[in-house]
Amino acid sequence: MRKSLTLGIAALALTITACGRKEPPAIDVPPTEQPGGDTSGVAPGDVELTELPAMQADLVARAGSDTVYFGTDEYALDDQSKATLAAQAAWMLANPNVRASIEGHADERGTREYNMALGERRANAARDYLLSQGVPAARLLVTSWGKERPVATGSDESAWAQNRRAVTVVVR
Amino acid sequence: MIRKCALFATVFGLSTAALSQDQGDPPEIVGGSIRSAQTIAVPAMPATQGASEALGRQIAEVISSDLRSTGAFTPLGPNGIGGYTVPQAGSPNYGEWRGAGAGALVAGYVEARPDGRITVACLLHDVTAGRQLASQGFTVAAADWRRAAHKCADTVYARLTGEGAYLDTRIVYVAETGPKTNRVKRIALMDSDGSNLRYLTAGRSNVTTPRFSPNGNQLVYTGVLARKPRVFVIDVATGAERLLVPGGAITFAPRFSPDGRQIVFSWAQGGNTDIFIVGANGGVPTRLTSAPGADTSPSFSPDGRRIVFESERSGTQQLYVMGADGSGQRRISFGGGRSASPVWSPKGNLIAFTRIGGGFRIGVMDPSGGNERILTNAWQDEGPSWAPNGQFILFHRTQQGSGNGTLYAVPVTGGAPRRMPTPQGGSDPSWSPLKN
C-alpha cells in the first residue's frame, strides 16, 4: 500500500521480507549415506563414499605410496609415478572388495577453476594407468580437488611440488 | 549551478588519460589517479511520529559511510556537524552549509508509521547553487532501515555521478577459517557495507564460486558430493538446495544466464573440461565447447547473446567469446601473458579478467579484446565480479604464504582497491543485482 507523504514526496514502497533477521537453516549437501543404507532414488555417483583408513594404510605399506606427483601445469606420469601406480594396481587386484577414488590436486599458482580442471586431468591420467595395469574401470572413480586441499603450506617450490599430486583413496 | 558533468570532469578526465595501450607493450597499471571528491554534508536526520532520534543518526551514518566508499565523495558528518528540523529538510539554510564547507547536502527525516513500518525521506541539495536536486521517500519494515539508507545513498550517488545505483545490494562470498591445509569454507551473505552477515552453508564440505541469479533469490555454487565438485542451486531465503546435474558428473564454475532460465558451467570428464548449459531447474545439459584442454569460467554478456570464457586450446589460458549456442568461438585476448576468469560487465562495455604472469592481477578489456588495463598489483588477485552499475570490481587477494584471502573492490576507472569488511578471511566474492 502506498500513501503520499505530507511533503508531497513520492513514496517508494518496498515490500521486503525481514531477510537477515532470522538465521535460515544452514542446509548442507545430502547427509552422508550409511553403508548398507537405502540409496533408492539417488543416482549412482551421487552416493556418498566411505573412506577405509585401515585399508588405506595397507595400500601405502604395500605399494609404497598412495600418491604420485606432477610437474608445474603438467599431467604426465614420470617413471616413478608409473612404478607407484603399478604397485597400487597390484594391491587393488589383491583387494577386490574396495574401490579407489583417484583424486587430482593442483598447487596454488593457478586460478581456482582452471585448477579444478587440471586436477581432474591428473587424476584421469593416473586412473588410465591403473586401467592399463588391469584394474577394472568400475572400481576406479576420478575426482579433482583443484587447489582446495594442499598438504604443504608454503608458497615455495618445495610446497608446490608436494601439492601437485594425484592420491589414490581407498573407498567402499 | 552545479552541472553534474563538469563536477566530475576532474575525476574521470585524469583517469582516462592512463587508458589504452599499444598492443605488445606491457599493460600500464592504472592507480592513484588524482580526483576531487565532492564534499557533502550528511547530518543526522530528524525523527518524527515516534521514530527514534538514534535511528535518524544511524541512517545518516550509513549514508555517509556508503558515500565515502564510492570514492567520489568526502562526507561531512553526521558527527561533528549540526542538525536541522523536519521542515528544514526541504528548505535548508544553504548559507550555513556553505559555511561548513559543504558543496552538497543530504537531508530528510525518518517517520514511524502506524503499521510498524518506517518512512525515510531523502532530499539532495546543491548547496553551492542553493537548490534541491532530488527527493525520494522509502518505506520499509523497521528492521530494514539500512536498505532505506542505502537507497538514499544510491539516489545521491546516481544523481551526482550520472552512474547507476549499486549500494542497495548484497555480496556473497566464501568465508574462510582454519589453517591452510584444513580450510573450512562457508557461503556467506552480507550487505554491500558488510552488515547483516549470515551463512548459508555449514562448512561441512568445500564450497567455491557462488553467483547470484538475476533476481537475487538464488545462488549457484560449486560444492562437493561423494568427493566430487558439484554444482548446486540454493534458495537464498530458505537455504534449500538441489544438485543441478545428477549422476556423478564433475561440474563447477556455474553462472546464471541474464534471464535466469539457464545455468552455464564446466563439466570435467575423461581428462578434458568443456562448457555446457542446462535449464536452471535441471534437465539434460547441452554441450557448448569440445576443444581439448580446459574450457571454463563462462560468463554471459548482459544481453544474453554471447558468452566469454577461458580456454587453453591454444596452449595457454586465454579468453574466447562465442554465441550463447556455442557458435563462432574466437579468441579475444592477445595482450601477452595468460588471461583467465573473465566476467562480462553488466553495462556490456568491458570484460574483467585475471591476468596471469608472475602473479595474478585484475584487468579489464573491451569485448573485442582491445584496450587492456591492469587495475591491481599484488601477489595473487583473482576472481573478479562486477557491481551492478559496472563501476566497481570485486575480487579476492591471497596473501603469499598463509594463503589467507581478503576481499577488495577496485574502481573500474583505476585507483586503490578498497578492502571489504569481513570478520574472517574471504574469497570468490560476487555482487548481487540491484534489488528493487
# chains A, B, ... in the order shown; residues from 1 in each chain; ligands from 1
>>> residues_around(residues="segment 51-59 of chain A", least_positions_apart="2", cutoff="9 Å", atoms="only C-alpha atoms", output="VMD selection string")
chain A and resid 49 61 to 66 88 91 to 92 98 168 to 172
>>> residues_around(residues="segment 48-62 of chain B", least_positions_apart="6", cutoff="7 Å", atoms="only C-alpha atoms", output="ChimeraX atom specification")
/B:42,78,109-112,146,149
>>> write_last_selection(atoms="N, CA and C atoms", output="PDB file, in the first residue's frame")
ATOM      1  N   VAL B  42      26.192  15.295   5.621  1.00  0.00           N
ATOM      2  CA  VAL B  42      25.217  14.238   5.921  1.00  0.00           C
ATOM      3  C   VAL B  42      24.881  14.320   7.410  1.00  0.00           C
ATOM      4  N   PRO B  78      27.728  12.309  10.075  1.00  0.00           N
ATOM      5  CA  PRO B  78      26.889  13.117  10.965  1.00  0.00           C
ATOM      6  C   PRO B  78      27.602  13.640  12.212  1.00  0.00           C
ATOM      7  N   TYR B 109      14.180  12.962   6.796  1.00  0.00           N
ATOM      8  CA  TYR B 109      13.670  12.661   8.130  1.00  0.00           C
ATOM      9  C   TYR B 109      13.231  11.207   8.141  1.00  0.00           C
ATOM     10  N   VAL B 110      13.081  10.681   9.328  1.00  0.00           N
ATOM     11  CA  VAL B 110      12.565   9.318   9.464  1.00  0.00           C
ATOM     12  C   VAL B 110      11.276   9.382  10.287  1.00  0.00           C
ATOM     13  N   GLU B 111      10.267   8.693   9.772  1.00  0.00           N
ATOM     14  CA  GLU B 111       8.931   8.765  10.362  1.00  0.00           C
ATOM     15  C   GLU B 111       8.450   7.353  10.658  1.00  0.00           C
ATOM     16  N   ALA B 112       7.929   7.159  11.848  1.00  0.00           N
ATOM     17  CA  ALA B 112       7.335   5.859  12.196  1.00  0.00           C
ATOM     18  C   ALA B 112       5.885   5.848  11.752  1.00  0.00           C
ATOM     19  N   ARG B 146      18.258  -0.129   7.173  1.00  0.00           N
ATOM     20  CA  ARG B 146      19.512   0.033   6.428  1.00  0.00           C
ATOM     21  C   ARG B 146      19.263   0.129   4.931  1.00  0.00           C
ATOM     22  N   ALA B 149      18.461   3.550   3.958  1.00  0.00           N
ATOM     23  CA  ALA B 149      19.663   4.384   3.945  1.00  0.00           C
ATOM     24  C   ALA B 149      20.483   4.133   2.687  1.00  0.00           C
TER      25      ALA B 149
END
>>> residues_around(residues="segment 139-155 of chain A", least_positions_apart="3", cutoff="6 Å", atoms="only C-alpha atoms", output="CSV table (one decimal) with N, CA and C atoms, in the first residue's frame")
chain,number,residue,atom,x,y,z
A,99,ARG,N,36.9,-50.0,-3.8
A,99,ARG,CA,37.1,-49.2,-4.9
A,99,ARG,C,38.2,-48.1,-4.6
A,100,ALA,N,38.6,-47.4,-5.6
A,100,ALA,CA,39.5,-46.3,-5.3
A,100,ALA,C,39.0,-45.0,-6.0
A,101,SER,N,39.1,-43.9,-5.2
A,101,SER,CA,38.8,-42.6,-5.7
A,101,SER,C,40.1,-41.9,-6.0
A,102,ILE,N,40.4,-41.8,-7.3
A,102,ILE,CA,41.7,-41.2,-7.7
A,102,ILE,C,41.5,-39.7,-7.8
A,103,GLU,N,42.2,-38.9,-6.9
A,103,GLU,CA,41.9,-37.5,-6.6
A,103,GLU,C,43.1,-36.6,-7.0
A,104,GLY,N,42.8,-35.8,-8.0
A,104,GLY,CA,43.9,-34.9,-8.5
A,104,GLY,C,43.9,-33.5,-7.8
A,105,HIS,N,45.1,-33.0,-7.6
A,105,HIS,CA,45.3,-31.7,-6.9
A,105,HIS,C,46.2,-30.9,-7.7
A,106,ALA,N,46.1,-29.5,-7.5
A,106,ALA,CA,47.0,-28.6,-8.1
A,106,ALA,C,47.6,-27.6,-7.1
A,107,ASP,N,48.7,-27.0,-7.4
A,107,ASP,CA,49.3,-26.1,-6.4
A,107,ASP,C,48.6,-24.7,-6.6
A,108,GLU,N,48.9,-23.8,-5.7
A,108,GLU,CA,48.2,-22.5,-5.6
A,108,GLU,C,48.4,-21.5,-6.7
A,115,ASN,N,42.3,-24.7,-12.0
A,115,ASN,CA,42.9,-25.8,-11.2
A,115,ASN,C,42.0,-27.0,-11.0
A,116,MET,N,40.7,-26.7,-10.9
A,116,MET,CA,39.7,-27.8,-10.9
A,116,MET,C,39.9,-28.7,-12.1
A,119,GLY,N,43.3,-30.7,-11.9
A,119,GLY,CA,43.2,-31.8,-11.0
A,119,GLY,C,42.6,-33.0,-11.6
A,120,GLU,N,41.5,-32.8,-12.4
A,120,GLU,CA,40.8,-33.9,-13.0
A,120,GLU,C,41.6,-34.5,-14.0
A,123,ALA,N,44.1,-36.7,-12.2
A,123,ALA,CA,43.5,-37.9,-11.7
A,123,ALA,C,43.2,-38.9,-12.9
A,136,PRO,N,39.8,-53.1,-12.9
A,136,PRO,CA,38.5,-52.9,-13.7
A,136,PRO,C,38.1,-51.4,-13.5
A,159,ALA,N,56.9,-26.7,-1.4
A,159,ALA,CA,55.5,-26.9,-1.1
A,159,ALA,C,54.7,-27.2,-2.3
A,163,ASN,N,52.2,-30.4,-3.5
A,163,ASN,CA,50.7,-30.3,-3.7
A,163,ASN,C,50.3,-30.7,-5.1
B,181,THR,N,45.9,-26.0,5.4
B,181,THR,CA,45.8,-27.4,5.0
B,181,THR,C,44.5,-28.0,5.5
B,228,LYS,N,33.3,-35.3,-5.1
B,228,LYS,CA,33.5,-34.6,-6.4
B,228,LYS,C,33.0,-33.2,-6.3
B,401,GLY,N,52.1,-17.3,1.3
B,401,GLY,CA,52.5,-18.0,2.5
B,401,GLY,C,51.2,-18.5,3.2
>>> closest_residue(among="B:Glu372, B:Glu310, B:Asp154, B:Asp193", to="Met322 of chain B", atoms="only C-alpha atoms")
B:Glu310
>>> atom_distance(atom1="atom CA of Asp156 of chain A", atom2="atom CA of Val68 of chain A")
19.2 Å
>>> select_by_dssp(residues="segment 370-408 of chain B", states="strand (DSSP E or B)", output="number ranges by chain")
B: 373-374, 380-386, 392-398, 405-408
>>> closest_residue(among="A:Gly71, A:Gly41, A:Gly134, A:Ala87", to="chain B", atoms="only C-alpha atoms")
A:Gly41
>>> residues_around(residues="segment 266-277 of chain B", least_positions_apart="4", cutoff="10 Å", atoms="only C-alpha atoms", output="JSON, numbers by chain")
{"A": [75, 113, 114, 116, 117, 118, 119, 120, 121, 122, 123, 124, 125, 127, 128, 142, 143, 144], "B": [229, 230, 231, 245, 249, 250, 251, 252, 253, 254, 255, 256, 257, 262, 282, 283, 284, 285, 286, 287, 288, 289, 290, 291, 292, 293, 294, 295, 296, 297, 298, 309, 310, 311, 324, 325, 326]}
>>> select_by_dssp(residues="segment 111-278 of chain B", states="alpha helix (DSSP H)", output="JSON, numbers by chain")
{"B": [145, 146, 147, 148, 149, 150, 151, 152, 153, 154, 155, 156, 157, 158, 159, 160, 161]}
>>> write_last_selection(atoms="C-alpha atoms", output="PDB file, in the first residue's frame")
ATOM      1  CA  TRP B 145      16.049   0.625   7.891  1.00  0.00           C
ATOM      2  CA  ARG B 146      19.512   0.033   6.428  1.00  0.00           C
ATOM      3  CA  ARG B 147      18.003  -0.589   2.995  1.00  0.00           C
ATOM      4  CA  ALA B 148      16.315   2.799   3.114  1.00  0.00           C
ATOM      5  CA  ALA B 149      19.663   4.384   3.945  1.00  0.00           C
ATOM      6  CA  HIS B 150      21.401   2.538   1.093  1.00  0.00           C
ATOM      7  CA  LYS B 151      18.678   3.588  -1.344  1.00  0.00           C
ATOM      8  CA  CYS B 152      19.063   7.192  -0.240  1.00  0.00           C
ATOM      9  CA  ALA B 153      22.832   6.990  -0.765  1.00  0.00           C
ATOM     10  CA  ASP B 154      22.154   5.451  -4.182  1.00  0.00           C
ATOM     11  CA  THR B 155      19.856   8.344  -5.074  1.00  0.00           C
ATOM     12  CA  VAL B 156      22.618  10.817  -4.184  1.00  0.00           C
ATOM     13  CA  TYR B 157      25.337   8.850  -5.948  1.00  0.00           C
ATOM     14  CA  ALA B 158      23.347   8.303  -9.138  1.00  0.00           C
ATOM     15  CA  ARG B 159      22.174  11.911  -9.338  1.00  0.00           C
ATOM     16  CA  LEU B 160      25.625  13.426  -8.810  1.00  0.00           C
ATOM     17  CA  THR B 161      27.805  10.983 -10.768  1.00  0.00           C
TER      18      THR B 161
END
>>> decode(residues="segment 12-131 of chain B", atoms="C-alpha atoms", output="PDB file, in the first residue's frame")
ATOM      1  CA  PHE B  12      37.134  10.993 -14.841  1.00  0.00           C
ATOM      2  CA  GLY B  13      39.282  13.142 -17.115  1.00  0.00           C
ATOM      3  CA  LEU B  14      42.549  12.390 -15.377  1.00  0.00           C
ATOM      4  CA  SER B  15      41.980   8.696 -15.035  1.00  0.00           C
ATOM      5  CA  THR B  16      41.015   8.229 -18.657  1.00  0.00           C
ATOM      6  CA  ALA B  17      44.373   9.694 -19.655  1.00  0.00           C
ATOM      7  CA  ALA B  18      46.014   6.481 -18.475  1.00  0.00           C
ATOM      8  CA  LEU B  19      43.876   4.233 -20.666  1.00  0.00           C
ATOM      9  CA  SER B  20      44.706   2.300 -23.788  1.00  0.00           C
ATOM     10  CA  GLN B  21      47.960   0.568 -24.550  1.00  0.00           C
ATOM     11  CA  ASP B  22      49.757  -0.186 -27.750  1.00  0.00           C
ATOM     12  CA  GLN B  23      49.433  -3.821 -28.463  1.00  0.00           C
ATOM     13  CA  GLY B  24      52.586  -5.567 -27.337  1.00  0.00           C
ATOM     14  CA  ASP B  25      53.539  -3.078 -24.609  1.00  0.00           C
ATOM     15  CA  PRO B  26      53.171  -4.345 -21.066  1.00  0.00           C
ATOM     16  CA  PRO B  27      49.851  -3.005 -19.784  1.00  0.00           C
ATOM     17  CA  GLU B  28      50.133   0.032 -17.538  1.00  0.00           C
ATOM     18  CA  ILE B  29      48.817  -0.173 -14.032  1.00  0.00           C
ATOM     19  CA  VAL B  30      46.211   2.493 -13.549  1.00  0.00           C
ATOM     20  CA  GLY B  31      46.260   3.607  -9.962  1.00  0.00           C
ATOM     21  CA  GLY B  32      46.193   6.546  -7.648  1.00  0.00           C
ATOM     22  CA  SER B  33      44.612   8.963 -10.083  1.00  0.00           C
ATOM     23  CA  ILE B  34      44.083  12.375  -8.574  1.00  0.00           C
ATOM     24  CA  ARG B  35      40.461  13.153  -8.056  1.00  0.00           C
ATOM     25  CA  SER B  36      38.492  15.851  -6.318  1.00  0.00           C
ATOM     26  CA  ALA B  37      35.745  14.258  -4.271  1.00  0.00           C
ATOM     27  CA  GLN B  38      32.519  16.135  -3.724  1.00  0.00           C
ATOM     28  CA  THR B  39      32.136  17.430  -0.159  1.00  0.00           C
ATOM     29  CA  ILE B  40      28.663  16.585   1.045  1.00  0.00           C
ATOM     30  CA  ALA B  41      27.104  17.192   4.450  1.00  0.00           C
ATOM     31  CA  VAL B  42      25.217  14.238   5.921  1.00  0.00           C
ATOM     32  CA  PRO B  43      23.747  15.426   9.206  1.00  0.00           C
ATOM     33  CA  ALA B  44      21.698  13.176  11.480  1.00  0.00           C
ATOM     34  CA  MET B  45      18.130  13.044  10.219  1.00  0.00           C
ATOM     35  CA  PRO B  46      15.397  14.366  12.474  1.00  0.00           C
ATOM     36  CA  ALA B  47      12.849  11.822  13.656  1.00  0.00           C
ATOM     37  CA  THR B  48       9.115  12.316  13.705  1.00  0.00           C
ATOM     38  CA  GLN B  49       5.888  10.494  14.596  1.00  0.00           C
ATOM     39  CA  GLY B  50       7.571   8.367  17.208  1.00  0.00           C
ATOM     40  CA  ALA B  51      10.669   7.308  15.321  1.00  0.00           C
ATOM     41  CA  SER B  52      13.790   7.457  17.471  1.00  0.00           C
ATOM     42  CA  GLU B  53      16.473  10.121  17.208  1.00  0.00           C
ATOM     43  CA  ALA B  54      19.067   7.399  17.360  1.00  0.00           C
ATOM     44  CA  LEU B  55      17.633   5.888  14.179  1.00  0.00           C
ATOM     45  CA  GLY B  56      17.909   9.222  12.388  1.00  0.00           C
ATOM     46  CA  ARG B  57      21.588   9.330  13.296  1.00  0.00           C
ATOM     47  CA  GLN B  58      22.178   5.717  12.309  1.00  0.00           C
ATOM     48  CA  ILE B  59      20.607   6.301   8.917  1.00  0.00           C
ATOM     49  CA  ALA B  60      22.894   9.275   8.342  1.00  0.00           C
ATOM     50  CA  GLU B  61      25.894   7.185   9.391  1.00  0.00           C
ATOM     51  CA  VAL B  62      25.076   4.511   6.834  1.00  0.00           C
ATOM     52  CA  ILE B  63      24.552   7.118   4.102  1.00  0.00           C
ATOM     53  CA  SER B  64      27.809   8.846   4.995  1.00  0.00           C
ATOM     54  CA  SER B  65      29.739   5.580   5.032  1.00  0.00           C
ATOM     55  CA  ASP B  66      28.195   4.484   1.731  1.00  0.00           C
ATOM     56  CA  LEU B  67      29.070   7.755   0.014  1.00  0.00           C
ATOM     57  CA  ARG B  68      32.642   7.644   1.303  1.00  0.00           C
ATOM     58  CA  SER B  69      33.009   4.083  -0.006  1.00  0.00           C
ATOM     59  CA  THR B  70      32.206   5.188  -3.555  1.00  0.00           C
ATOM     60  CA  GLY B  71      35.415   7.220  -3.650  1.00  0.00           C
ATOM     61  CA  ALA B  72      33.501  10.126  -5.201  1.00  0.00           C
ATOM     62  CA  PHE B  73      32.540  11.943  -2.015  1.00  0.00           C
ATOM     63  CA  THR B  74      34.042  13.480   1.088  1.00  0.00           C
ATOM     64  CA  PRO B  75      31.135  13.253   3.525  1.00  0.00           C
ATOM     65  CA  LEU B  76      30.899  15.648   6.458  1.00  0.00           C
ATOM     66  CA  GLY B  77      29.105  14.192   9.472  1.00  0.00           C
ATOM     67  CA  PRO B  78      26.889  13.117  10.965  1.00  0.00           C
ATOM     68  CA  ASN B  79      29.407  13.510  13.794  1.00  0.00           C
ATOM     69  CA  GLY B  80      30.774  16.973  14.255  1.00  0.00           C
ATOM     70  CA  ILE B  81      28.113  18.858  12.340  1.00  0.00           C
ATOM     71  CA  GLY B  82      24.791  20.379  13.369  1.00  0.00           C
ATOM     72  CA  GLY B  83      21.288  19.088  12.791  1.00  0.00           C
ATOM     73  CA  TYR B  84      18.058  20.553  11.465  1.00  0.00           C
ATOM     74  CA  THR B  85      14.295  20.317  11.826  1.00  0.00           C
ATOM     75  CA  VAL B  86      11.878  18.367   9.666  1.00  0.00           C
ATOM     76  CA  PRO B  87      10.675  21.447   7.715  1.00  0.00           C
ATOM     77  CA  GLN B  88      14.299  22.391   7.067  1.00  0.00           C
ATOM     78  CA  ALA B  89      14.840  19.069   5.292  1.00  0.00           C
ATOM     79  CA  GLY B  90      13.177  20.626   2.247  1.00  0.00           C
ATOM     80  CA  SER B  91      14.287  24.193   2.886  1.00  0.00           C
ATOM     81  CA  PRO B  92      17.739  24.161   4.444  1.00  0.00           C
ATOM     82  CA  ASN B  93      19.842  27.157   5.375  1.00  0.00           C
ATOM     83  CA  TYR B  94      22.185  26.951   2.397  1.00  0.00           C
ATOM     84  CA  GLY B  95      24.426  29.725   3.697  1.00  0.00           C
ATOM     85  CA  GLU B  96      25.081  27.804   6.885  1.00  0.00           C
ATOM     86  CA  TRP B  97      26.035  24.658   4.984  1.00  0.00           C
ATOM     87  CA  ARG B  98      28.264  26.628   2.652  1.00  0.00           C
ATOM     88  CA  GLY B  99      29.948  27.988   5.706  1.00  0.00           C
ATOM     89  CA  ALA B 100      30.503  24.442   6.936  1.00  0.00           C
ATOM     90  CA  GLY B 101      32.390  23.702   3.722  1.00  0.00           C
ATOM     91  CA  ALA B 102      29.779  21.535   2.069  1.00  0.00           C
ATOM     92  CA  GLY B 103      29.017  21.716  -1.642  1.00  0.00           C
ATOM     93  CA  ALA B 104      26.058  19.388  -1.279  1.00  0.00           C
ATOM     94  CA  LEU B 105      23.709  18.248   1.462  1.00  0.00           C
ATOM     95  CA  VAL B 106      21.693  15.077   2.121  1.00  0.00           C
ATOM     96  CA  ALA B 107      18.691  15.938   4.307  1.00  0.00           C
ATOM     97  CA  GLY B 108      15.495  14.148   5.201  1.00  0.00           C
ATOM     98  CA  TYR B 109      13.670  12.661   8.130  1.00  0.00           C
ATOM     99  CA  VAL B 110      12.565   9.318   9.464  1.00  0.00           C
ATOM    100  CA  GLU B 111       8.931   8.765  10.362  1.00  0.00           C
ATOM    101  CA  ALA B 112       7.335   5.859  12.196  1.00  0.00           C
ATOM    102  CA  ARG B 113       4.127   4.656  10.582  1.00  0.00           C
ATOM    103  CA  PRO B 114       1.126   3.228  12.400  1.00  0.00           C
ATOM    104  CA  ASP B 115       1.575  -0.145  10.697  1.00  0.00           C
ATOM    105  CA  GLY B 116       5.017  -0.549  12.215  1.00  0.00           C
ATOM    106  CA  ARG B 117       6.996   0.365   9.123  1.00  0.00           C
ATOM    107  CA  ILE B 118       9.144   3.463   8.769  1.00  0.00           C
ATOM    108  CA  THR B 119       9.417   6.037   6.018  1.00  0.00           C
ATOM    109  CA  VAL B 120      12.740   7.687   5.266  1.00  0.00           C
ATOM    110  CA  ALA B 121      12.604  10.887   3.274  1.00  0.00           C
ATOM    111  CA  CYS B 122      15.768  11.615   1.301  1.00  0.00           C
ATOM    112  CA  LEU B 123      16.453  15.061  -0.187  1.00  0.00           C
ATOM    113  CA  LEU B 124      19.591  16.018  -2.077  1.00  0.00           C
ATOM    114  CA  HIS B 125      20.561  19.703  -2.197  1.00  0.00           C
ATOM    115  CA  ASP B 126      23.085  21.604  -4.283  1.00  0.00           C
ATOM    116  CA  VAL B 127      24.396  23.858  -1.540  1.00  0.00           C
ATOM    117  CA  THR B 128      26.561  25.949  -3.843  1.00  0.00           C
ATOM    118  CA  ALA B 129      23.654  26.869  -6.111  1.00  0.00           C
ATOM    119  CA  GLY B 130      21.129  26.851  -3.278  1.00  0.00           C
ATOM    120  CA  ARG B 131      18.570  24.465  -4.744  1.00  0.00           C
TER     121      ARG B 131
END
